[in-house]
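Heads up: the structure comes next, in structure tokens.
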Amino acid sequence: MPLTKTDFMFGSQCHRLLWWRRHEPDASELQPDRVLQDLFDQGNHVGQLARERFPDGVLIPSRASRPDRVQLTAAAIDAGARAIFEGAFMVDNLFVATDVILRDDAGWHLIEVKSSSKAKEEHVPDAGVQAYVMGASGLAPVSIEVMHLNKAFQHPDVGDLFARTDVTAEARQRMPEVPDEAARQLAMLDGPIPPRAIGLHCDEPRACPFKERCWPQDERHIANLYNVGPKKAAQYMASGVHRVDDLPPSQKLPDAAKRQLRSLDTNAIVVEPGLRAALAPLDVSPLGFLDFETVSRAVPVWPAMAPWGMAAAQFSYHESRADGTYLHVEHLAEGPEDARPILAQRLVDATRNAKTVVMYSSFERTQIRALAKAVPSLEAELQALDAKLFDLLAVVREQVYHPAFRGSFSLKYVLPALVPDLSYNDLVIVNGMVASVEIARLLFVADRIPLEERDRVRQDLLAYCKRDTWATVRLLETLRVIASD
Ligand code: SF4
């Protein structure tokens with residue numbers, strides 16, 4: 001089996017990762033979930049739009065066998081094609097299919113199409129391996145570019161949807177290393193699974209799907225310390241710190257991390273004496289609880305939105321009543337038109353009477369500010385709502401730590417630890433990324449979804465968003481009990 005460009009890129013990240021991909025293609029970790037599938041679909045859409053920029057291009061069918069694709073590409077070149085899409089080349093068992101190659105008087109130009117809104121460092125070796133195989137096939141490109149979405153573009157027609165970044169010099173620098181690395185990968189694939197220590201390569205350029213197989217599931221591992229991301233974890237491990245117990249006494253840590261260490265040592269919840277005072281601003285009525293779900297599309301569809309811009313399309317709102325019960329209001333956009341004006345109006349109406357509105361993380365504030373820009377007629381009302389927001393996550397982070405938080409203050413960890421009788425286990429949609437993809441499906445491709453499935457997905461989305469605000473209600477109740485204890 002030849003090595004494809006995709007194989008080569010995974011192998012360059014980690015041989016062990018490539019070995020599993022090739023030897024266990026059916027591994028559960030490799031099956032694309034709805035979020036990944038949506039990313040693929042959006043990437044394909046961007047690729048199709050990019051091709052429209054090169055009229056008369058010849059498309060090499062990707063369903064043909066690899067040798068046939070190489071032959072069809074050679075035939076298109078011989079026939080004088082000026083632009084070729086998916087042009088295929090193979091040398092020394094290394095196969096690449098190029099997004100776009102263009103011919104002019106200077107020679108052939110290689111263009112790699114990406115759906116990101118800028119050229120990234122990881123795109124350089126990707127282009128480099130293609131340029132190497134083209135060159136070794138006798139068609140060395142005279143320039144190498146990444147064609148990506150233009151973050152200055154705004155729907156529908158402000159600026160160009162695409163921008164191009166020249167990476168010729170950087171990609172050429174990577175070319176000499178390609179043949180040896182490809183040979184190493186091919187030899188490695190013929191042998192047993194190779195060893196590889198964990199490190200930054202497990203998260204960059206992309207998070208490896210096999211982390212659960214390689215990383216220790218140890219709550220005292222340094223990567224599980226609060227505020228330690230992949231880079232910091234790699235630095236710690238390189239300096240010999242693999243567990244929190246290895247930290248030198250002089251190590252400076254944020255207060256939340258120090259609290260985490262106390263909690264791990266005692267295997268008990270740690271509560272600061274300031275919790276009661278931190279919750280005091282919430283002793284008001286009516287008290288609201290707000291949560292948004294959003295959509296984000298590579299190619300924006302609503303006015304003034306940029307590629308991958310995020311827009312609120314759903315909210316759930318609980319509000320306390322004098323009798324101790326809660327009023328619930330919800331909204332989920334319908335149809336492909338701009339959802340923001342109607343959503344903003346319903347949001348302003350729902351939250352008008354609340355003295356304070358609780359959110360969990362600053363995400364809701366960001367969305368309200370974006371709504372104020374998108375719906376200027378409600379700017380003053382949305383600014384008034386912004387002024388009423390209260391971030392409960394900040395209180396948890398500064399006042400409470402439970403051993404089950406595993407260094408994170410996201411509701412995914414905080415809720416089961418502090419409100420164990422409430423979970424998302426009975427729901428179909430259980431995270432915001434899936435919710436976002438499902439909302440986009442309902443709004444923009446509803447005609448491709450059977451009616452009964454549409455209704456079901458809508459109910460699943462409403463149930464998920466409602467659970468998010470109810471979880472915040474219950475979390476506050478629990479925090480009040482903890483504070484009074
Ligand atoms: S988790 Fe890290 S070491 Fe393990 S396969 Fe993935 S990248 Fe390689």
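For the structure tokens, the naming scheme is as follows: chains receive sequential letters (A, B, ...) according to their order of presentation, residues are indexed from 1 within each chain, and ligands are indexed from 1 in presentation order.
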query: Can you tell me, as an MDAnalysis selection string, what residues are no more than 7 Å from stretch 253-258 of chain A when counting only C-alpha atoms, ignoring any on the same chain fewer than 3 positions away?
result: chainID A and resid 225:226 261:262 397:398
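The residues of stretch 387-430 of chain A that DSSP classifies as helix (DSSP H, G or I), using the backbone of this structure, are A:Ala387, A:Leu392, A:Leu393, A:Ala394, A:Val395, A:Val396, A:Arg397, A:Glu398, A:Gln399, A:Pro403, A:Ala404, A:Phe405, A:Leu411, A:Lys412, A:Tyr413, A:Val414, A:Leu415, A:Pro416, A:Ala417, A:Leu418.
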Could you turn the residues from that selection into a file that holds N, CA, C and O atoms, as a PDB file, in the first residue's frame?
```pdb
ATOM      1  N   ALA A 387     -25.075  44.308  31.096  1.00  0.00           N
ATOM      2  CA  ALA A 387     -24.731  44.871  32.413  1.00  0.00           C
ATOM      3  C   ALA A 387     -25.290  44.030  33.560  1.00  0.00           C
ATOM      4  O   ALA A 387     -24.864  44.167  34.709  1.00  0.00           O
ATOM      5  N   LEU A 392     -21.115  32.588  36.871  1.00  0.00           N
ATOM      6  CA  LEU A 392     -21.025  31.662  38.007  1.00  0.00           C
ATOM      7  C   LEU A 392     -19.753  30.814  37.944  1.00  0.00           C
ATOM      8  O   LEU A 392     -19.242  30.376  38.979  1.00  0.00           O
ATOM      9  N   LEU A 393     -19.227  30.594  36.735  1.00  0.00           N
ATOM     10  CA  LEU A 393     -18.003  29.802  36.619  1.00  0.00           C
ATOM     11  C   LEU A 393     -16.865  30.481  37.386  1.00  0.00           C
ATOM     12  O   LEU A 393     -16.071  29.820  38.067  1.00  0.00           O
ATOM     13  N   ALA A 394     -16.801  31.812  37.304  1.00  0.00           N
ATOM     14  CA  ALA A 394     -15.713  32.524  37.984  1.00  0.00           C
ATOM     15  C   ALA A 394     -15.791  32.291  39.499  1.00  0.00           C
ATOM     16  O   ALA A 394     -14.761  32.150  40.165  1.00  0.00           O
ATOM     17  N   VAL A 395     -17.020  32.203  40.029  1.00  0.00           N
ATOM     18  CA  VAL A 395     -17.172  31.945  41.470  1.00  0.00           C
ATOM     19  C   VAL A 395     -16.666  30.546  41.816  1.00  0.00           C
ATOM     20  O   VAL A 395     -15.915  30.358  42.776  1.00  0.00           O
ATOM     21  N   VAL A 396     -17.063  29.563  40.997  1.00  0.00           N
ATOM     22  CA  VAL A 396     -16.614  28.187  41.272  1.00  0.00           C
ATOM     23  C   VAL A 396     -15.085  28.146  41.213  1.00  0.00           C
ATOM     24  O   VAL A 396     -14.432  27.590  42.091  1.00  0.00           O
ATOM     25  N   ARG A 397     -14.527  28.756  40.163  1.00  0.00           N
ATOM     26  CA  ARG A 397     -13.070  28.695  39.984  1.00  0.00           C
ATOM     27  C   ARG A 397     -12.330  29.346  41.152  1.00  0.00           C
ATOM     28  O   ARG A 397     -11.276  28.885  41.562  1.00  0.00           O
ATOM     29  N   GLU A 398     -12.907  30.412  41.711  1.00  0.00           N
ATOM     30  CA  GLU A 398     -12.182  31.140  42.758  1.00  0.00           C
ATOM     31  C   GLU A 398     -12.497  30.652  44.166  1.00  0.00           C
ATOM     32  O   GLU A 398     -11.808  31.016  45.115  1.00  0.00           O
ATOM     33  N   GLN A 399     -13.553  29.809  44.306  1.00  0.00           N
ATOM     34  CA  GLN A 399     -13.978  29.471  45.662  1.00  0.00           C
ATOM     35  C   GLN A 399     -14.049  27.973  45.969  1.00  0.00           C
ATOM     36  O   GLN A 399     -14.066  27.595  47.133  1.00  0.00           O
ATOM     37  N   PRO A 403     -12.266  17.023  43.952  1.00  0.00           N
ATOM     38  CA  PRO A 403     -11.293  16.156  43.270  1.00  0.00           C
ATOM     39  C   PRO A 403     -11.757  15.677  41.896  1.00  0.00           C
ATOM     40  O   PRO A 403     -10.931  15.414  41.022  1.00  0.00           O
ATOM     41  N   ALA A 404     -13.074  15.585  41.701  1.00  0.00           N
ATOM     42  CA  ALA A 404     -13.561  15.074  40.407  1.00  0.00           C
ATOM     43  C   ALA A 404     -13.545  16.131  39.302  1.00  0.00           C
ATOM     44  O   ALA A 404     -13.889  15.827  38.150  1.00  0.00           O
ATOM     45  N   PHE A 405     -13.144  17.361  39.606  1.00  0.00           N
ATOM     46  CA  PHE A 405     -13.092  18.389  38.552  1.00  0.00           C
ATOM     47  C   PHE A 405     -11.991  18.087  37.529  1.00  0.00           C
ATOM     48  O   PHE A 405     -12.021  18.589  36.419  1.00  0.00           O
ATOM     49  N   LEU A 411     -18.819  22.736  32.960  1.00  0.00           N
ATOM     50  CA  LEU A 411     -19.985  22.067  33.566  1.00  0.00           C
ATOM     51  C   LEU A 411     -19.883  20.546  33.436  1.00  0.00           C
ATOM     52  O   LEU A 411     -20.399  19.811  34.278  1.00  0.00           O
ATOM     53  N   LYS A 412     -19.184  20.086  32.389  1.00  0.00           N
ATOM     54  CA  LYS A 412     -19.034  18.648  32.155  1.00  0.00           C
ATOM     55  C   LYS A 412     -18.408  17.953  33.367  1.00  0.00           C
ATOM     56  O   LYS A 412     -18.718  16.804  33.681  1.00  0.00           O
ATOM     57  N   TYR A 413     -17.506  18.651  34.057  1.00  0.00           N
ATOM     58  CA  TYR A 413     -16.860  18.077  35.240  1.00  0.00           C
ATOM     59  C   TYR A 413     -17.502  18.562  36.535  1.00  0.00           C
ATOM     60  O   TYR A 413     -17.598  17.820  37.515  1.00  0.00           O
ATOM     61  N   VAL A 414     -17.906  19.842  36.546  1.00  0.00           N
ATOM     62  CA  VAL A 414     -18.411  20.439  37.789  1.00  0.00           C
ATOM     63  C   VAL A 414     -19.770  19.857  38.169  1.00  0.00           C
ATOM     64  O   VAL A 414     -20.023  19.545  39.339  1.00  0.00           O
ATOM     65  N   LEU A 415     -20.647  19.671  37.166  1.00  0.00           N
ATOM     66  CA  LEU A 415     -22.005  19.213  37.473  1.00  0.00           C
ATOM     67  C   LEU A 415     -22.024  17.821  38.117  1.00  0.00           C
ATOM     68  O   LEU A 415     -22.616  17.648  39.193  1.00  0.00           O
ATOM     69  N   PRO A 416     -21.375  16.805  37.500  1.00  0.00           N
ATOM     70  CA  PRO A 416     -21.438  15.486  38.158  1.00  0.00           C
ATOM     71  C   PRO A 416     -20.808  15.473  39.545  1.00  0.00           C
ATOM     72  O   PRO A 416     -21.213  14.680  40.401  1.00  0.00           O
ATOM     73  N   ALA A 417     -19.841  16.354  39.773  1.00  0.00           N
ATOM     74  CA  ALA A 417     -19.181  16.371  41.086  1.00  0.00           C
ATOM     75  C   ALA A 417     -20.086  17.026  42.134  1.00  0.00           C
ATOM     76  O   ALA A 417     -20.182  16.529  43.259  1.00  0.00           O
ATOM     77  N   LEU A 418     -20.743  18.114  41.771  1.00  0.00           N
ATOM     78  CA  LEU A 418     -21.504  18.874  42.781  1.00  0.00           C
ATOM     79  C   LEU A 418     -23.009  18.594  42.749  1.00  0.00           C
ATOM     80  O   LEU A 418     -23.693  18.790  43.758  1.00  0.00           O
TER      81      LEU A 418
END
```
Would you mind listing, for every residue of chain A within 9 Å of ligand 1, the two atoms forming the shortest contact and the distance between them in Å to one decimal, using only C-alpha atoms and all ligand atoms, sorted by chain and ascending residue number, as JSON lines?
```
{"residue": "A:Phe10", "atom": "CA", "partner": "ligand 1", "partner_atom_place_in_ligand_line": "7 (S)", "distance": 8.8}
{"residue": "A:Gln13", "atom": "CA", "partner": "ligand 1", "partner_atom_place_in_ligand_line": "7 (S)", "distance": 6.6}
{"residue": "A:Cys14", "atom": "CA", "partner": "ligand 1", "partner_atom_place_in_ligand_line": "8 (Fe)", "distance": 4.8}
{"residue": "A:His15", "atom": "CA", "partner": "ligand 1", "partner_atom_place_in_ligand_line": "8 (Fe)", "distance": 6.7}
{"residue": "A:Arg16", "atom": "CA", "partner": "ligand 1", "partner_atom_place_in_ligand_line": "5 (S)", "distance": 4.7}
{"residue": "A:Leu17", "atom": "CA", "partner": "ligand 1", "partner_atom_place_in_ligand_line": "5 (S)", "distance": 3.9}
{"residue": "A:Leu18", "atom": "CA", "partner": "ligand 1", "partner_atom_place_in_ligand_line": "5 (S)", "distance": 7.6}
{"residue": "A:Trp19", "atom": "CA", "partner": "ligand 1", "partner_atom_place_in_ligand_line": "5 (S)", "distance": 8.3}
{"residue": "A:Trp20", "atom": "CA", "partner": "ligand 1", "partner_atom_place_in_ligand_line": "5 (S)", "distance": 7.5}
{"residue": "A:Pro195", "atom": "CA", "partner": "ligand 1", "partner_atom_place_in_ligand_line": "3 (S)", "distance": 7.8}
{"residue": "A:Arg196", "atom": "CA", "partner": "ligand 1", "partner_atom_place_in_ligand_line": "3 (S)", "distance": 5.1}
{"residue": "A:Ala197", "atom": "CA", "partner": "ligand 1", "partner_atom_place_in_ligand_line": "3 (S)", "distance": 5.5}
{"residue": "A:Ile198", "atom": "CA", "partner": "ligand 1", "partner_atom_place_in_ligand_line": "3 (S)", "distance": 4.5}
{"residue": "A:Gly199", "atom": "CA", "partner": "ligand 1", "partner_atom_place_in_ligand_line": "2 (Fe)", "distance": 6.5}
{"residue": "A:Leu200", "atom": "CA", "partner": "ligand 1", "partner_atom_place_in_ligand_line": "2 (Fe)", "distance": 7.9}
{"residue": "A:His201", "atom": "CA", "partner": "ligand 1", "partner_atom_place_in_ligand_line": "7 (S)", "distance": 5.5}
{"residue": "A:Cys202", "atom": "CA", "partner": "ligand 1", "partner_atom_place_in_ligand_line": "7 (S)", "distance": 3.7}
{"residue": "A:Asp203", "atom": "CA", "partner": "ligand 1", "partner_atom_place_in_ligand_line": "7 (S)", "distance": 7.1}
{"residue": "A:Glu204", "atom": "CA", "partner": "ligand 1", "partner_atom_place_in_ligand_line": "7 (S)", "distance": 8.5}
{"residue": "A:Arg206", "atom": "CA", "partner": "ligand 1", "partner_atom_place_in_ligand_line": "7 (S)", "distance": 8.9}
{"residue": "A:Ala207", "atom": "CA", "partner": "ligand 1", "partner_atom_place_in_ligand_line": "7 (S)", "distance": 7.7}
{"residue": "A:Cys208", "atom": "CA", "partner": "ligand 1", "partner_atom_place_in_ligand_line": "6 (Fe)", "distance": 4.6}
{"residue": "A:Pro209", "atom": "CA", "partner": "ligand 1", "partner_atom_place_in_ligand_line": "6 (Fe)", "distance": 6.5}
{"residue": "A:Phe210", "atom": "CA", "partner": "ligand 1", "partner_atom_place_in_ligand_line": "1 (S)", "distance": 4.8}
{"residue": "A:Lys211", "atom": "CA", "partner": "ligand 1", "partner_atom_place_in_ligand_line": "1 (S)", "distance": 3.8}
{"residue": "A:Glu212", "atom": "CA", "partner": "ligand 1", "partner_atom_place_in_ligand_line": "1 (S)", "distance": 7.1}
{"residue": "A:Arg213", "atom": "CA", "partner": "ligand 1", "partner_atom_place_in_ligand_line": "4 (Fe)", "distance": 6.7}
{"residue": "A:Cys214", "atom": "CA", "partner": "ligand 1", "partner_atom_place_in_ligand_line": "4 (Fe)", "distance": 4.6}
{"residue": "A:Trp215", "atom": "CA", "partner": "ligand 1", "partner_atom_place_in_ligand_line": "1 (S)", "distance": 6.5}
```
Please dump the current selection as an mmCIF file, in the first residue's frame; keep N, CA and C atoms.
```
data_model
loop_
_atom_site.group_PDB
_atom_site.id
_atom_site.type_symbol
_atom_site.label_atom_id
_atom_site.label_comp_id
_atom_site.auth_asym_id
_atom_site.auth_seq_id
_atom_site.Cartn_x
_atom_site.Cartn_y
_atom_site.Cartn_z
ATOM 1 N N PHE A 10 0.044 12.371 9.029
ATOM 2 C CA PHE A 10 -0.184 11.753 10.344
ATOM 3 C C PHE A 10 1.103 11.116 10.859
ATOM 4 N N GLN A 13 3.407 13.511 12.355
ATOM 5 C CA GLN A 13 3.015 13.895 13.725
ATOM 6 C C GLN A 13 3.475 12.824 14.707
ATOM 7 N N CYS A 14 3.248 11.532 14.360
ATOM 8 C CA CYS A 14 3.612 10.438 15.272
ATOM 9 C C CYS A 14 3.511 9.111 14.522
ATOM 10 N N HIS A 15 4.600 8.341 14.508
ATOM 11 C CA HIS A 15 4.579 7.050 13.813
ATOM 12 C C HIS A 15 3.535 6.107 14.411
ATOM 13 N N ARG A 16 3.405 6.173 15.732
ATOM 14 C CA ARG A 16 2.460 5.282 16.418
ATOM 15 C C ARG A 16 1.023 5.572 15.972
ATOM 16 N N LEU A 17 0.723 6.858 15.822
ATOM 17 C CA LEU A 17 -0.598 7.279 15.348
ATOM 18 C C LEU A 17 -0.847 6.717 13.945
ATOM 19 N N LEU A 18 0.136 6.844 13.062
ATOM 20 C CA LEU A 18 -0.031 6.321 11.703
ATOM 21 C C LEU A 18 -0.181 4.793 11.729
ATOM 22 N N TRP A 19 0.609 4.133 12.579
ATOM 23 C CA TRP A 19 0.540 2.673 12.655
ATOM 24 C C TRP A 19 -0.883 2.236 13.001
ATOM 25 N N TRP A 20 -1.486 2.878 14.002
ATOM 26 C CA TRP A 20 -2.861 2.516 14.379
ATOM 27 C C TRP A 20 -3.844 2.829 13.249
ATOM 28 N N PRO A 195 7.209 2.290 19.622
ATOM 29 C CA PRO A 195 7.033 3.035 20.871
ATOM 30 C C PRO A 195 7.102 4.537 20.575
ATOM 31 N N ARG A 196 6.458 5.353 21.386
ATOM 32 C CA ARG A 196 6.614 6.805 21.271
ATOM 33 C C ARG A 196 6.163 7.409 22.597
ATOM 34 N N ALA A 197 7.020 8.217 23.170
ATOM 35 C CA ALA A 197 6.653 8.888 24.422
ATOM 36 C C ALA A 197 5.572 9.918 24.134
ATOM 37 N N ILE A 198 4.717 10.187 25.116
ATOM 38 C CA ILE A 198 3.694 11.226 24.949
ATOM 39 C C ILE A 198 4.360 12.594 25.007
ATOM 40 N N GLY A 199 3.708 13.587 24.425
ATOM 41 C CA GLY A 199 4.281 14.938 24.422
ATOM 42 C C GLY A 199 3.384 15.892 23.647
ATOM 43 N N LEU A 200 3.948 17.006 23.250
ATOM 44 C CA LEU A 200 3.167 18.038 22.560
ATOM 45 C C LEU A 200 2.612 17.520 21.234
ATOM 46 N N HIS A 201 3.331 16.570 20.610
ATOM 47 C CA HIS A 201 2.862 16.039 19.324
ATOM 48 C C HIS A 201 1.510 15.333 19.467
ATOM 49 N N CYS A 202 1.093 15.021 20.690
ATOM 50 C CA CYS A 202 -0.217 14.379 20.882
ATOM 51 C C CYS A 202 -1.361 15.389 20.700
ATOM 52 N N ASP A 203 -1.023 16.676 20.727
ATOM 53 C CA ASP A 203 -2.059 17.704 20.570
ATOM 54 C C ASP A 203 -1.824 18.632 19.392
ATOM 55 N N GLU A 204 -0.613 18.631 18.856
ATOM 56 C CA GLU A 204 -0.316 19.546 17.755
ATOM 57 C C GLU A 204 0.342 18.793 16.604
ATOM 58 N N ARG A 206 -2.713 18.506 15.501
ATOM 59 C CA ARG A 206 -4.113 18.166 15.828
ATOM 60 C C ARG A 206 -4.141 17.221 17.008
ATOM 61 N N ALA A 207 -5.217 17.300 17.789
ATOM 62 C CA ALA A 207 -5.344 16.377 18.917
ATOM 63 C C ALA A 207 -5.426 14.945 18.386
ATOM 64 N N CYS A 208 -4.603 14.069 18.912
ATOM 65 C CA CYS A 208 -4.583 12.674 18.459
ATOM 66 C C CYS A 208 -5.798 11.941 19.038
ATOM 67 N N PRO A 209 -6.487 11.145 18.227
ATOM 68 C CA PRO A 209 -7.663 10.435 18.746
ATOM 69 C C PRO A 209 -7.306 9.295 19.704
ATOM 70 N N PHE A 210 -6.008 8.947 19.783
ATOM 71 C CA PHE A 210 -5.626 7.801 20.610
ATOM 72 C C PHE A 210 -5.074 8.206 21.975
ATOM 73 N N LYS A 211 -5.367 9.427 22.409
ATOM 74 C CA LYS A 211 -4.773 9.889 23.672
ATOM 75 C C LYS A 211 -5.148 8.991 24.848
ATOM 76 N N GLU A 212 -6.389 8.486 24.814
ATOM 77 C CA GLU A 212 -6.794 7.640 25.956
ATOM 78 C C GLU A 212 -5.979 6.357 26.021
ATOM 79 N N ARG A 213 -5.417 5.922 24.876
ATOM 80 C CA ARG A 213 -4.613 4.699 24.886
ATOM 81 C C ARG A 213 -3.200 4.987 25.429
ATOM 82 N N CYS A 214 -2.688 6.178 25.148
ATOM 83 C CA CYS A 214 -1.273 6.452 25.467
ATOM 84 C C CYS A 214 -1.078 7.235 26.766
ATOM 85 N N TRP A 215 -2.034 8.113 27.087
ATOM 86 C CA TRP A 215 -1.824 8.982 28.256
ATOM 87 C C TRP A 215 -2.313 8.295 29.524
#
```
- prompt: Which is closer to A:Gly128 than all the others in A:Leu343, A:Val178, A:Ala64, A:Ile101, using only C-alpha atoms?
  reply: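 The closest residue to A:Gly128 is A:Val178.
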task: Could you pull out the residues in stretch 176-379 of chain A that DSSP calls strand (DSSP E or B) from the backbone, as JSON, numbers by chain?
output: {"A": [221, 243, 270, 271, 287, 288, 289, 290, 291, 292, 293, 294, 295, 296, 310, 311, 312, 313, 314, 315, 316, 317, 318, 319, 320, 326, 327, 328, 329, 330, 331, 332, 356, 357, 358, 359]}
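The two atoms in question, atom CA of A:Gly432 and atom CA of A:Asp460, are spaced 12.1 Å apart.
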- request: Skip A:Pro376 itself and residues of its chain fewer than 5 positions away, then list as a VMD selection string all residues within 12 Å of it, counting only C-alpha atoms.
  value: chain A and resid 340 to 341 344 to 345 368 to 371 381 to 383
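Surrounding stretch 270-274 of chain A within 6 Å are Ser263, Ala277, Gln399, Val400 and Tyr401 of chain A, with only C-alpha atoms counted and residues fewer than 3 positions along the same chain left out.
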Could you turn the residues from that selection into a file that holds C-alpha atoms, as a compact mmCIF listing (two decimals), in the first residue's frame?
```txt
# COMPACT_ATOMS: atom_id res chain seq x y z
CA SER A 263 -8.21 18.84 47.36
CA ALA A 277 -19.93 36.63 49.93
CA GLN A 399 -13.98 29.47 45.66
CA VAL A 400 -14.46 25.72 45.20
CA TYR A 401 -12.52 22.65 44.12
```
